[in-house]
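> Sharing start_24.pdb (PDB, C-alpha atoms and all ligand atoms) below.
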MODEL        1
ATOM      1  CA  MET A 146     129.258  65.583 -24.493
ATOM      2  CA  SER A 147     128.640  62.168 -26.006
ATOM      3  CA  ARG A 148     124.961  61.335 -26.320
ATOM      4  CA  HIS A 149     124.577  57.638 -25.807
ATOM      5  CA  VAL A 150     121.299  55.846 -26.357
ATOM      6  CA  ILE A 151     119.987  52.748 -24.615
ATOM      7  CA  GLY A 152     117.732  50.201 -26.291
ATOM      8  CA  VAL A 153     115.858  47.670 -24.155
ATOM      9  CA  ASP A 154     113.840  44.630 -25.203
ATOM     10  CA  LEU A 155     111.244  43.714 -22.587
ATOM     11  CA  GLY A 156     110.569  40.035 -23.225
ATOM     12  CA  GLY A 157     108.410  37.558 -21.351
ATOM     13  CA  THR A 158     111.492  35.726 -20.032
ATOM     14  CA  ASN A 159     114.344  38.240 -20.136
ATOM     15  CA  VAL A 160     114.957  41.975 -20.239
ATOM     16  CA  ARG A 161     117.831  42.650 -22.641
ATOM     17  CA  GLY A 162     119.479  45.996 -23.079
ATOM     18  CA  ALA A 163     122.418  47.605 -24.831
ATOM     19  CA  LEU A 164     124.106  50.972 -24.631
ATOM     20  CA  PHE A 165     124.849  52.450 -28.034
ATOM     21  CA  SER A 166     127.465  54.993 -29.046
ATOM     22  CA  GLU A 167     126.638  58.170 -30.947
ATOM     23  CA  ASN A 168     126.831  56.335 -34.283
ATOM     24  CA  LEU A 169     124.697  53.471 -32.962
ATOM     25  CA  GLU A 170     127.349  50.865 -32.293
ATOM     26  CA  VAL A 171     126.847  48.601 -29.270
ATOM     27  CA  ARG A 172     129.161  49.645 -26.409
ATOM     28  CA  ASN A 173     127.988  47.117 -23.810
ATOM     29  CA  ARG A 174     125.000  44.881 -23.171
ATOM     30  CA  LEU A 175     123.171  43.185 -20.282
ATOM     31  CA  LYS A 176     120.457  40.568 -19.866
ATOM     32  CA  ARG A 177     118.379  39.858 -16.754
ATOM     33  CA  PRO A 178     115.303  37.753 -15.989
ATOM     34  CA  THR A 179     112.015  39.667 -16.359
ATOM     35  CA  HIS A 180     110.129  37.964 -13.498
ATOM     36  CA  ARG A 181     106.862  39.291 -14.888
ATOM     37  CA  GLU A 182     104.978  37.295 -12.222
ATOM     38  CA  GLU A 183     106.120  39.920  -9.691
ATOM     39  CA  GLY A 184     103.946  42.526 -11.395
ATOM     40  CA  GLY A 185     104.325  45.693 -13.455
ATOM     41  CA  TYR A 186     105.977  47.930 -10.867
ATOM     42  CA  ALA A 187     108.639  45.326 -10.031
ATOM     43  CA  VAL A 188     109.393  45.005 -13.766
ATOM     44  CA  VAL A 189     109.747  48.790 -14.016
ATOM     45  CA  ASP A 190     112.263  48.710 -11.122
ATOM     46  CA  ARG A 191     114.224  45.978 -12.896
ATOM     47  CA  LEU A 192     114.193  47.894 -16.168
ATOM     48  CA  VAL A 193     115.443  51.059 -14.477
ATOM     49  CA  ALA A 194     118.186  49.081 -12.679
ATOM     50  CA  LEU A 195     119.288  47.613 -16.022
ATOM     51  CA  VAL A 196     119.575  51.088 -17.580
ATOM     52  CA  ARG A 197     121.616  52.362 -14.622
ATOM     53  CA  ALA A 198     123.883  49.280 -14.704
ATOM     54  CA  LEU A 199     124.533  49.751 -18.431
ATOM     55  CA  CYS A 200     125.517  53.390 -17.774
ATOM     56  CA  ASN A 201     127.787  52.446 -14.841
ATOM     57  CA  GLU A 202     129.551  49.774 -16.898
ATOM     58  CA  ALA A 203     130.145  52.247 -19.714
ATOM     59  CA  GLY A 204     131.417  54.919 -17.313
ATOM     60  CA  THR A 205     128.616  57.336 -18.081
ATOM     61  CA  SER A 206     125.501  58.528 -16.275
ATOM     62  CA  VAL A 207     121.795  58.436 -17.078
ATOM     63  CA  SER A 208     121.729  62.225 -17.465
ATOM     64  CA  ASN A 209     124.203  61.906 -20.352
ATOM     65  CA  LEU A 210     121.820  59.716 -22.343
ATOM     66  CA  ALA A 211     119.882  61.092 -25.316
ATOM     67  CA  GLY A 212     117.054  58.757 -24.296
ATOM     68  CA  VAL A 213     115.922  55.191 -23.715
ATOM     69  CA  GLY A 214     113.928  53.090 -26.183
ATOM     70  CA  ILE A 215     111.916  50.124 -24.948
ATOM     71  CA  ALA A 216     110.564  47.403 -27.234
ATOM     72  CA  VAL A 217     107.520  45.807 -25.619
ATOM     73  CA  PRO A 218     105.192  43.016 -26.681
ATOM     74  CA  GLY A 219     101.580  43.526 -27.517
ATOM     75  CA  PRO A 220      99.394  46.375 -28.708
ATOM     76  CA  LEU A 221     100.289  49.737 -27.242
ATOM     77  CA  ASP A 222      99.556  53.415 -27.452
ATOM     78  CA  VAL A 223     102.932  54.714 -28.656
ATOM     79  CA  THR A 224     102.071  58.399 -28.199
ATOM     80  CA  GLY A 225     100.797  57.931 -24.648
ATOM     81  CA  GLY A 226     103.460  55.327 -23.861
ATOM     82  CA  ILE A 227     100.865  52.911 -22.531
ATOM     83  CA  ILE A 228     100.814  49.136 -22.948
ATOM     84  CA  THR A 229      97.132  48.513 -23.656
ATOM     85  CA  SER A 230      96.832  44.723 -23.623
ATOM     86  CA  ALA A 231      99.903  42.496 -23.932
ATOM     87  CA  PRO A 232      98.817  38.823 -23.870
ATOM     88  CA  ASN A 233     102.050  37.730 -22.142
ATOM     89  CA  PHE A 234     101.854  40.547 -19.578
ATOM     90  CA  PRO A 235      98.336  40.452 -18.111
ATOM     91  CA  ASP A 236      99.467  42.702 -15.263
ATOM     92  CA  PHE A 237     100.365  45.413 -17.794
ATOM     93  CA  THR A 238      96.869  46.169 -19.100
ATOM     94  CA  ASN A 239      96.641  49.950 -19.619
ATOM     95  CA  PHE A 240     100.014  50.262 -17.892
ATOM     96  CA  PRO A 241     101.739  53.690 -18.222
ATOM     97  CA  LEU A 242     105.247  52.241 -18.682
ATOM     98  CA  LYS A 243     106.708  55.298 -20.450
ATOM     99  CA  ARG A 244     105.647  57.770 -17.733
ATOM    100  CA  LEU A 245     106.837  55.543 -14.873
ATOM    101  CA  VAL A 246     110.294  54.980 -16.398
ATOM    102  CA  GLU A 247     110.629  58.651 -17.410
ATOM    103  CA  GLU A 248     109.728  59.861 -13.923
ATOM    104  CA  THR A 249     112.250  57.522 -12.308
ATOM    105  CA  LEU A 250     115.144  58.144 -14.692
ATOM    106  CA  GLY A 251     114.441  61.796 -15.507
ATOM    107  CA  ILE A 252     115.002  61.339 -19.257
ATOM    108  CA  GLY A 253     112.856  60.739 -22.355
ATOM    109  CA  VAL A 254     111.596  57.221 -23.088
ATOM    110  CA  HIS A 255     110.250  55.900 -26.383
ATOM    111  CA  LEU A 256     108.008  52.835 -26.320
ATOM    112  CA  GLU A 257     107.583  50.664 -29.412
ATOM    113  CA  ASN A 258     105.846  47.402 -30.258
ATOM    114  CA  ASP A 259     108.608  44.761 -30.348
ATOM    115  CA  ALA A 260     107.878  43.543 -33.875
ATOM    116  CA  ASN A 261     107.725  47.115 -35.190
ATOM    117  CA  ALA A 262     111.024  47.794 -33.417
ATOM    118  CA  ALA A 263     112.586  44.716 -35.048
ATOM    119  CA  ALA A 264     111.278  45.855 -38.443
ATOM    120  CA  TYR A 265     112.823  49.281 -37.917
ATOM    121  CA  GLY A 266     116.136  47.779 -36.773
ATOM    122  CA  GLU A 267     116.277  45.614 -39.922
ATOM    123  CA  PHE A 268     115.373  48.652 -42.018
ATOM    124  CA  ARG A 269     118.137  50.810 -40.507
ATOM    125  CA  GLN A 270     121.011  48.384 -40.029
ATOM    126  CA  GLY A 271     119.991  44.966 -41.380
ATOM    127  CA  SER A 272     118.574  43.507 -44.570
ATOM    128  CA  GLY A 273     116.717  46.737 -45.447
ATOM    129  CA  ARG A 274     119.525  49.246 -44.900
ATOM    130  CA  ASP A 275     119.681  50.106 -48.620
ATOM    131  CA  ALA A 276     115.896  50.070 -49.134
ATOM    132  CA  HIS A 277     113.039  52.529 -48.725
ATOM    133  CA  SER A 278     110.436  49.964 -47.739
ATOM    134  CA  LEU A 279     110.513  46.725 -45.782
ATOM    135  CA  ILE A 280     108.148  44.133 -44.382
ATOM    136  CA  PHE A 281     109.402  42.189 -41.376
ATOM    137  CA  LEU A 282     107.923  38.841 -40.333
ATOM    138  CA  GLY A 283     109.143  37.397 -37.041
ATOM    139  CA  LEU A 284     108.317  33.676 -37.019
ATOM    140  CA  GLY A 285     108.491  32.385 -33.452
ATOM    141  CA  THR A 286     105.945  31.035 -30.979
ATOM    142  CA  GLY A 287     103.578  33.413 -32.793
ATOM    143  CA  VAL A 288     104.095  35.601 -35.853
ATOM    144  CA  GLY A 289     105.016  39.238 -35.271
ATOM    145  CA  GLY A 290     105.151  41.734 -38.065
ATOM    146  CA  GLY A 291     106.141  45.249 -38.950
ATOM    147  CA  ILE A 292     106.037  47.500 -41.998
ATOM    148  CA  VAL A 293     108.443  50.381 -42.652
ATOM    149  CA  LEU A 294     107.543  52.704 -45.512
ATOM    150  CA  ASP A 295     109.766  55.620 -46.540
ATOM    151  CA  GLY A 296     111.531  55.425 -43.199
ATOM    152  CA  LYS A 297     108.369  55.414 -41.104
ATOM    153  CA  ILE A 298     106.793  52.561 -39.141
ATOM    154  CA  LEU A 299     103.231  51.929 -40.263
ATOM    155  CA  ARG A 300     101.249  51.941 -37.022
ATOM    156  CA  GLY A 301      97.823  52.822 -38.365
ATOM    157  CA  ALA A 302      95.057  54.897 -36.801
ATOM    158  CA  HIS A 303      94.470  52.621 -33.796
ATOM    159  CA  GLY A 304      97.839  50.964 -33.227
ATOM    160  CA  VAL A 305      96.967  47.676 -34.940
ATOM    161  CA  GLY A 306      98.746  48.403 -38.242
ATOM    162  CA  GLY A 307     101.417  45.826 -39.025
ATOM    163  CA  GLU A 308      99.824  42.989 -37.025
ATOM    164  CA  LEU A 309     100.829  40.728 -39.887
ATOM    165  CA  GLY A 310     100.522  37.459 -37.987
ATOM    166  CA  HIS A 311      96.783  37.994 -37.966
ATOM    167  CA  ILE A 312      96.018  38.630 -41.607
ATOM    168  CA  ILE A 313      93.390  36.022 -42.440
ATOM    169  CA  LEU A 314      94.328  33.517 -45.145
ATOM    170  CA  ALA A 315      91.380  31.124 -44.836
ATOM    171  CA  ALA A 316      88.089  31.963 -43.137
ATOM    172  CA  ASP A 317      87.598  28.305 -42.140
ATOM    173  CA  GLY A 318      91.205  27.786 -41.016
ATOM    174  CA  PRO A 319      92.431  26.765 -37.554
ATOM    175  CA  PRO A 320      91.285  28.929 -34.623
ATOM    176  CA  CYS A 321      93.773  31.604 -33.565
ATOM    177  CA  GLY A 322      94.539  32.990 -30.121
ATOM    178  CA  CYS A 323      93.260  36.365 -31.313
ATOM    179  CA  GLY A 324      89.725  34.963 -31.602
ATOM    180  CA  ASN A 325      89.623  34.749 -35.420
ATOM    181  CA  ARG A 326      90.329  31.743 -37.647
ATOM    182  CA  GLY A 327      92.892  31.057 -40.338
ATOM    183  CA  CYS A 328      95.440  33.750 -39.405
ATOM    184  CA  LEU A 329      98.946  33.549 -40.930
ATOM    185  CA  GLU A 330     100.213  32.699 -37.426
ATOM    186  CA  GLN A 331      98.318  29.406 -37.585
ATOM    187  CA  TRP A 332     100.534  28.180 -40.438
ATOM    188  CA  ALA A 333     103.827  30.035 -40.242
ATOM    189  CA  SER A 334     104.740  29.995 -36.524
ATOM    190  CA  ALA A 335     106.814  27.372 -34.690
ATOM    191  CA  THR A 336     103.640  26.440 -32.819
ATOM    192  CA  ALA A 337     101.835  25.863 -36.106
ATOM    193  CA  VAL A 338     104.637  23.687 -37.514
ATOM    194  CA  VAL A 339     104.407  21.455 -34.432
ATOM    195  CA  ARG A 340     100.584  21.329 -34.659
ATOM    196  CA  MET A 341     100.650  20.353 -38.342
ATOM    197  CA  ALA A 342     103.259  17.660 -37.683
ATOM    198  CA  LYS A 343     101.185  16.197 -34.832
ATOM    199  CA  GLU A 344      98.059  16.198 -37.014
ATOM    200  CA  ALA A 345      99.944  14.316 -39.738
ATOM    201  CA  LEU A 346     101.438  11.852 -37.227
ATOM    202  CA  GLU A 347      97.982  10.971 -35.917
ATOM    203  CA  SER A 348      97.226   9.268 -39.226
ATOM    204  CA  GLY A 349      99.913   6.690 -38.373
ATOM    205  CA  GLU A 350     102.095   7.577 -41.357
ATOM    206  CA  PRO A 351     105.720   6.455 -40.831
ATOM    207  CA  SER A 352     108.118   9.225 -39.849
ATOM    208  CA  VAL A 353     111.262   9.668 -37.778
ATOM    209  CA  LEU A 354     109.106  11.926 -35.622
ATOM    210  CA  ALA A 355     106.629   9.160 -34.720
ATOM    211  CA  GLY A 356     106.398   8.126 -31.079
ATOM    212  CA  ARG A 357     108.114  11.203 -29.624
ATOM    213  CA  GLU A 358     106.571  12.437 -26.412
ATOM    214  CA  SER A 359     107.207  16.089 -27.121
ATOM    215  CA  LEU A 360     107.952  17.717 -30.421
ATOM    216  CA  THR A 361     109.588  21.015 -31.339
ATOM    217  CA  ALA A 362     109.555  22.948 -34.605
ATOM    218  CA  ARG A 363     113.329  22.531 -34.792
ATOM    219  CA  GLU A 364     112.924  18.738 -34.755
ATOM    220  CA  VAL A 365     110.360  18.957 -37.577
ATOM    221  CA  PHE A 366     112.745  21.087 -39.649
ATOM    222  CA  GLU A 367     115.651  18.729 -38.901
ATOM    223  CA  ALA A 368     113.548  15.785 -40.059
ATOM    224  CA  ALA A 369     112.625  17.709 -43.218
ATOM    225  CA  GLY A 370     116.341  18.380 -43.793
ATOM    226  CA  GLY A 371     116.836  14.615 -43.571
ATOM    227  CA  SER A 372     114.152  14.091 -46.220
ATOM    228  CA  ASP A 373     111.508  12.661 -43.878
ATOM    229  CA  GLU A 374     108.426  12.726 -46.119
ATOM    230  CA  LEU A 375     105.931  13.725 -43.457
ATOM    231  CA  ALA A 376     108.162  16.537 -42.165
ATOM    232  CA  CYS A 377     108.844  17.732 -45.735
ATOM    233  CA  ARG A 378     105.101  17.939 -46.363
ATOM    234  CA  VAL A 379     104.566  19.969 -43.185
ATOM    235  CA  VAL A 380     107.326  22.408 -44.146
ATOM    236  CA  ALA A 381     105.931  22.672 -47.685
ATOM    237  CA  ARG A 382     102.505  23.497 -46.249
ATOM    238  CA  MET A 383     104.024  26.114 -43.969
ATOM    239  CA  ALA A 384     105.914  27.612 -46.947
ATOM    240  CA  HIS A 385     102.740  27.632 -49.061
ATOM    241  CA  PHE A 386     100.801  29.702 -46.531
ATOM    242  CA  LEU A 387     103.757  31.951 -45.771
ATOM    243  CA  GLY A 388     104.013  32.591 -49.515
ATOM    244  CA  LEU A 389     100.289  33.273 -49.699
ATOM    245  CA  GLY A 390     100.575  35.799 -46.873
ATOM    246  CA  ILE A 391     103.588  37.504 -48.441
ATOM    247  CA  VAL A 392     101.857  37.794 -51.842
ATOM    248  CA  SER A 393      98.859  39.456 -50.179
ATOM    249  CA  LEU A 394     101.134  41.817 -48.254
ATOM    250  CA  CYS A 395     103.069  42.646 -51.430
ATOM    251  CA  HIS A 396      99.827  43.652 -53.120
ATOM    252  CA  VAL A 397      99.200  46.101 -50.261
ATOM    253  CA  VAL A 398     102.702  47.438 -49.625
ATOM    254  CA  ASP A 399     104.828  46.475 -52.686
ATOM    255  CA  PRO A 400     108.017  46.498 -50.557
ATOM    256  CA  GLU A 401     111.615  46.286 -51.712
ATOM    257  CA  VAL A 402     112.493  43.814 -48.935
ATOM    258  CA  VAL A 403     110.660  41.101 -47.006
ATOM    259  CA  ALA A 404     112.813  40.079 -44.016
ATOM    260  CA  ILE A 405     112.104  36.805 -42.221
ATOM    261  CA  GLY A 406     113.246  36.747 -38.581
ATOM    262  CA  GLY A 407     112.396  34.896 -35.358
ATOM    263  CA  GLY A 408     113.502  31.446 -34.203
ATOM    264  CA  VAL A 409     111.983  29.673 -37.233
ATOM    265  CA  SER A 410     114.261  31.689 -39.531
ATOM    266  CA  GLU A 411     117.155  29.428 -38.391
ATOM    267  CA  SER A 412     115.628  26.886 -40.772
ATOM    268  CA  VAL A 413     115.062  29.388 -43.557
ATOM    269  CA  ASP A 414     117.012  27.340 -46.141
ATOM    270  CA  LEU A 415     114.354  24.630 -45.917
ATOM    271  CA  PHE A 416     111.423  26.872 -46.880
ATOM    272  CA  LEU A 417     112.634  30.146 -48.364
ATOM    273  CA  PRO A 418     113.340  28.858 -51.918
ATOM    274  CA  ARG A 419     109.754  27.553 -52.063
ATOM    275  CA  VAL A 420     108.370  30.833 -50.687
ATOM    276  CA  ARG A 421     110.342  32.870 -53.239
ATOM    277  CA  LYS A 422     109.099  30.676 -56.100
ATOM    278  CA  PHE A 423     105.502  30.942 -54.900
ATOM    279  CA  VAL A 424     105.696  34.744 -54.596
ATOM    280  CA  ASP A 425     107.297  35.061 -58.034
ATOM    281  CA  GLU A 426     104.492  32.996 -59.551
ATOM    282  CA  GLN A 427     101.653  34.810 -57.786
ATOM    283  CA  VAL A 428     102.639  38.457 -57.425
ATOM    284  CA  PHE A 429     101.702  40.882 -60.211
ATOM    285  CA  PRO A 430     104.288  40.922 -63.049
ATOM    286  CA  ALA A 431     105.643  44.417 -62.319
ATOM    287  CA  ALA A 432     107.103  43.203 -59.000
ATOM    288  CA  ARG A 433     108.041  39.686 -60.127
ATOM    289  CA  GLY A 434     111.668  38.819 -59.313
ATOM    290  CA  LYS A 435     112.259  42.263 -57.796
ATOM    291  CA  ILE A 436     111.216  41.753 -54.168
ATOM    292  CA  LYS A 437     114.131  40.670 -51.989
ATOM    293  CA  ILE A 438     112.781  37.949 -49.692
ATOM    294  CA  THR A 439     115.550  37.152 -47.264
ATOM    295  CA  ARG A 440     116.515  36.078 -43.778
ATOM    296  CA  ALA A 441     116.645  38.995 -41.321
ATOM    297  CA  GLU A 442     120.248  39.870 -40.479
ATOM    298  CA  LEU A 443     120.184  41.196 -36.939
ATOM    299  CA  GLY A 444     118.726  38.213 -35.038
ATOM    300  CA  ASP A 445     117.748  38.985 -31.431
ATOM    301  CA  ASP A 446     119.355  42.429 -31.672
ATOM    302  CA  ALA A 447     116.850  43.794 -34.229
ATOM    303  CA  GLY A 448     114.477  45.120 -31.544
ATOM    304  CA  ILE A 449     117.048  46.925 -29.399
ATOM    305  CA  ILE A 450     118.761  48.375 -32.471
ATOM    306  CA  GLY A 451     115.331  49.479 -33.734
ATOM    307  CA  VAL A 452     114.297  51.308 -30.559
ATOM    308  CA  ALA A 453     117.752  52.840 -30.166
ATOM    309  CA  SER A 454     117.500  54.140 -33.767
ATOM    310  CA  LEU A 455     114.067  55.588 -33.076
ATOM    311  CA  VAL A 456     115.419  57.472 -30.037
ATOM    312  CA  ARG A 457     118.421  58.677 -32.035
ATOM    313  CA  ASN A 458     116.212  59.919 -34.877
ATOM    314  CA  ALA A 459     113.907  61.739 -32.462
ATOM    315  CA  GLY A 460     116.811  63.425 -30.667
TER
HETATM  316 ZN    ZN A 501      94.974  35.665 -35.222
ENDMDL
END
Please render this file's structure as structure tokens.

Amino acid sequence: MSRHVIGVDLGGTNVRGALFSENLEVRNRLKRPTHREEGGYAVVDRLVALVRALCNEAGTSVSNLAGVGIAVPGPLDVTGGIITSAPNFPDFTNFPLKRLVEETLGIGVHLENDANAAAYGEFRQGSGRDAHSLIFLGLGTGVGGGIVLDGKILRGAHGVGGELGHIILAADGPPCGCGNRGCLEQWASATAVVRMAKEALESGEPSVLAGRESLTAREVFEAAGGSDELACRVVARMAHFLGLGIVSLCHVVDPEVVAIGGGVSESVDLFLPRVRKFVDEQVFPAARGKIKITRAELGDDAGIIGVASLVRNAG
């Protein structure tokens, strides 16, 4: 009997899932709106329906699955399968997602933090597939992170290991949503790039970005690609702090690979050379030139591949 695995990414906007073959190749995939405003139990129903639909499409049944992996945002208790406090899912505080889905489907479910899942996916099938250790940084609206060491996700004693967006780079830096100041997220996220550009524009300095009603990180990167001085300075500042964060992480983990993912990684060519140079200048000599700092390879699929791999390895 073939033992398929399903990986699901529970996002704030969409639930995305894929059914994987025995050797972890995608057989089919589906995406549906999350509608998180309808509450936790409605989201569970939608998740279960997605799993059943994936099985139907592939001509198999839920009972033939080796298990389901779900990548979820926010801190969670992996062992208990409980989402403790996801900022984008206020209705999910202390929500027993694993138990509810297991009881409905009658099969094993593995829950994983979405950034940890993406890190594991990159480690197994992406930029870290030939490595023993990898740091993943997902640069999007915020900064997610994950560390894989000798094939294991570093979760820590209380589930906050690998929260790399919140390592503090400057005690008097900008306030962060987490309640602290000067977190990496406040310089390396898309939100931060927009904030820094707006701050620079307020001085009245000429820029192609001046006078725009709304501004996106992509527009800032495009302007930097067109040699707009203000935009270039913003991207250089972002690269400086990203480099600073990576150097600090390298002195904790000393990884073989640092993979940069998330929406901001589309513009990686504009900041990665500067980040690599910074890290090579600042990291201790033994690691200099040996850490592969690269764009993550799996894009949006990293999370579902990661959770599917975790289920496969457990089975
Ligand atoms: Zn923070």
> What does the distance between CA of Leu221 in chain A and CA of Asn209 in chain A come to in Å, to one decimal place?
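Distance reported for this atom pair: 27.7 Å.
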> Could I get the residues of chain A with an atom no further than 7 Å from an atom of ligand ZN 501 (chain A), each paired with its nearest atom pair and that distance in Å to one decimal, using all atoms listed in the file, sorted by chain and residue number, as CSV?

residue,atom,partner,partner_atom,distance
A:Gly310,CA,A:ZN501,ZN,6.5
A:His311,CA,A:ZN501,ZN,4.0
A:Cys321,CA,A:ZN501,ZN,4.5
A:Gly322,CA,A:ZN501,ZN,5.8
A:Cys323,CA,A:ZN501,ZN,4.3
A:Gly324,CA,A:ZN501,ZN,6.4
A:Asn325,CA,A:ZN501,ZN,5.4
A:Arg326,CA,A:ZN501,ZN,6.5
A:Cys328,CA,A:ZN501,ZN,4.6
A:Glu330,CA,A:ZN501,ZN,6.4
> I'd like the contact shell of Leu329 in chain A - 8 Å cut-off, all atoms listed in the file, skipping same-chain residues fewer than 2 positions apart - returned as number ranges by chain.
A: 288, 309-314, 327, 331-333, 386-387, 390
> For the selection just defined, write its residues with C-alpha atoms to a file, as a CSV table (one decimal), in the frame of the given file.

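What ended up in out_1.csv:
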chain,number,residue,atom,x,y,z
A,288,VAL,CA,104.1,35.6,-35.9
A,309,LEU,CA,100.8,40.7,-39.9
A,310,GLY,CA,100.5,37.5,-38.0
A,311,HIS,CA,96.8,38.0,-38.0
A,312,ILE,CA,96.0,38.6,-41.6
A,313,ILE,CA,93.4,36.0,-42.4
A,314,LEU,CA,94.3,33.5,-45.1
A,327,GLY,CA,92.9,31.1,-40.3
A,331,GLN,CA,98.3,29.4,-37.6
A,332,TRP,CA,100.5,28.2,-40.4
A,333,ALA,CA,103.8,30.0,-40.2
A,386,PHE,CA,100.8,29.7,-46.5
A,387,LEU,CA,103.8,32.0,-45.8
A,390,GLY,CA,100.6,35.8,-46.9
> Would you mind listing, for every residue of range 299-345 of chain A within 10 Å of range 402-410 of chain A, the two atoms forming the shortest contact and the distance between them in Å to one decimal, using all atoms listed in the file, sorted by chain and ascending residue number, as a Markdown table?

| residue | atom | partner | partner_atom | distance |
| --- | --- | --- | --- | --- |
| A:Ala333 | CA | A:Val409 | CA | 8.7 |
| A:Ser334 | CA | A:Val409 | CA | 7.3 |
| A:Ala335 | CA | A:Val409 | CA | 6.2 |
| A:Thr336 | CA | A:Val409 | CA | 10.0 |
| A:Val338 | CA | A:Val409 | CA | 9.5 |
> Which residues are close to Ile252 in chain A, i.e. within 10 Å by all atoms listed in the file, leaving aside same-chain residues fewer than 2 positions away? Reply as a ChimeraX atom specification.
/A:207-213,246-250,254
> Would you write out those residues with C-alpha atoms, as a tab-separated table (two decimals), in the coordinates of the input?

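Result file part12.tsv:
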chain	number	residue	atom	x	y	z
A	207	VAL	CA	121.80	58.44	-17.08
A	208	SER	CA	121.73	62.22	-17.46
A	209	ASN	CA	124.20	61.91	-20.35
A	210	LEU	CA	121.82	59.72	-22.34
A	211	ALA	CA	119.88	61.09	-25.32
A	212	GLY	CA	117.05	58.76	-24.30
A	213	VAL	CA	115.92	55.19	-23.72
A	246	VAL	CA	110.29	54.98	-16.40
A	247	GLU	CA	110.63	58.65	-17.41
A	248	GLU	CA	109.73	59.86	-13.92
A	249	THR	CA	112.25	57.52	-12.31
A	250	LEU	CA	115.14	58.14	-14.69
A	254	VAL	CA	111.60	57.22	-23.09
> Any chance you could model N, CA, C and O atoms for range 277-288 of chain A and send them as a PDB file, in the coordinates of the input?

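So the final result, stored in out.pdb, reads:
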ATOM      1  N   HIS A 277     113.970  51.507 -49.218  1.00  0.00           N
ATOM      2  CA  HIS A 277     113.039  52.529 -48.725  1.00  0.00           C
ATOM      3  C   HIS A 277     111.824  51.904 -48.048  1.00  0.00           C
ATOM      4  O   HIS A 277     111.078  52.579 -47.356  1.00  0.00           O
ATOM      5  N   SER A 278     111.620  50.611 -48.312  1.00  0.00           N
ATOM      6  CA  SER A 278     110.436  49.964 -47.739  1.00  0.00           C
ATOM      7  C   SER A 278     110.760  48.518 -47.384  1.00  0.00           C
ATOM      8  O   SER A 278     111.502  47.839 -48.110  1.00  0.00           O
ATOM      9  N   LEU A 279     110.209  48.085 -46.270  1.00  0.00           N
ATOM     10  CA  LEU A 279     110.513  46.725 -45.782  1.00  0.00           C
ATOM     11  C   LEU A 279     109.331  46.162 -45.001  1.00  0.00           C
ATOM     12  O   LEU A 279     108.654  46.885 -44.273  1.00  0.00           O
ATOM     13  N   ILE A 280     109.094  44.870 -45.221  1.00  0.00           N
ATOM     14  CA  ILE A 280     108.148  44.133 -44.382  1.00  0.00           C
ATOM     15  C   ILE A 280     108.972  43.156 -43.557  1.00  0.00           C
ATOM     16  O   ILE A 280     109.839  42.458 -44.093  1.00  0.00           O
ATOM     17  N   PHE A 281     108.714  43.138 -42.253  1.00  0.00           N
ATOM     18  CA  PHE A 281     109.402  42.189 -41.376  1.00  0.00           C
ATOM     19  C   PHE A 281     108.398  41.183 -40.853  1.00  0.00           C
ATOM     20  O   PHE A 281     107.300  41.557 -40.420  1.00  0.00           O
ATOM     21  N   LEU A 282     108.753  39.892 -40.919  1.00  0.00           N
ATOM     22  CA  LEU A 282     107.923  38.841 -40.333  1.00  0.00           C
ATOM     23  C   LEU A 282     108.772  38.065 -39.342  1.00  0.00           C
ATOM     24  O   LEU A 282     109.782  37.453 -39.726  1.00  0.00           O
ATOM     25  N   GLY A 283     108.414  38.132 -38.076  1.00  0.00           N
ATOM     26  CA  GLY A 283     109.143  37.397 -37.041  1.00  0.00           C
ATOM     27  C   GLY A 283     108.406  36.101 -36.735  1.00  0.00           C
ATOM     28  O   GLY A 283     107.336  36.112 -36.140  1.00  0.00           O
ATOM     29  N   LEU A 284     108.977  34.968 -37.184  1.00  0.00           N
ATOM     30  CA  LEU A 284     108.317  33.676 -37.019  1.00  0.00           C
ATOM     31  C   LEU A 284     108.855  32.985 -35.777  1.00  0.00           C
ATOM     32  O   LEU A 284     109.974  32.469 -35.778  1.00  0.00           O
ATOM     33  N   GLY A 285     108.081  33.034 -34.697  1.00  0.00           N
ATOM     34  CA  GLY A 285     108.491  32.385 -33.452  1.00  0.00           C
ATOM     35  C   GLY A 285     107.323  31.601 -32.901  1.00  0.00           C
ATOM     36  O   GLY A 285     106.613  30.930 -33.660  1.00  0.00           O
ATOM     37  N   THR A 286     107.102  31.691 -31.584  1.00  0.00           N
ATOM     38  CA  THR A 286     105.945  31.035 -30.979  1.00  0.00           C
ATOM     39  C   THR A 286     104.679  31.527 -31.686  1.00  0.00           C
ATOM     40  O   THR A 286     103.761  30.760 -31.955  1.00  0.00           O
ATOM     41  N   GLY A 287     104.624  32.822 -31.948  1.00  0.00           N
ATOM     42  CA  GLY A 287     103.578  33.413 -32.793  1.00  0.00           C
ATOM     43  C   GLY A 287     104.232  34.013 -34.021  1.00  0.00           C
ATOM     44  O   GLY A 287     105.377  33.680 -34.339  1.00  0.00           O
ATOM     45  N   VAL A 288     103.508  34.875 -34.721  1.00  0.00           N
ATOM     46  CA  VAL A 288     104.095  35.601 -35.853  1.00  0.00           C
ATOM     47  C   VAL A 288     103.923  37.093 -35.596  1.00  0.00           C
ATOM     48  O   VAL A 288     102.795  37.591 -35.524  1.00  0.00           O
TER      49      VAL A 288
END
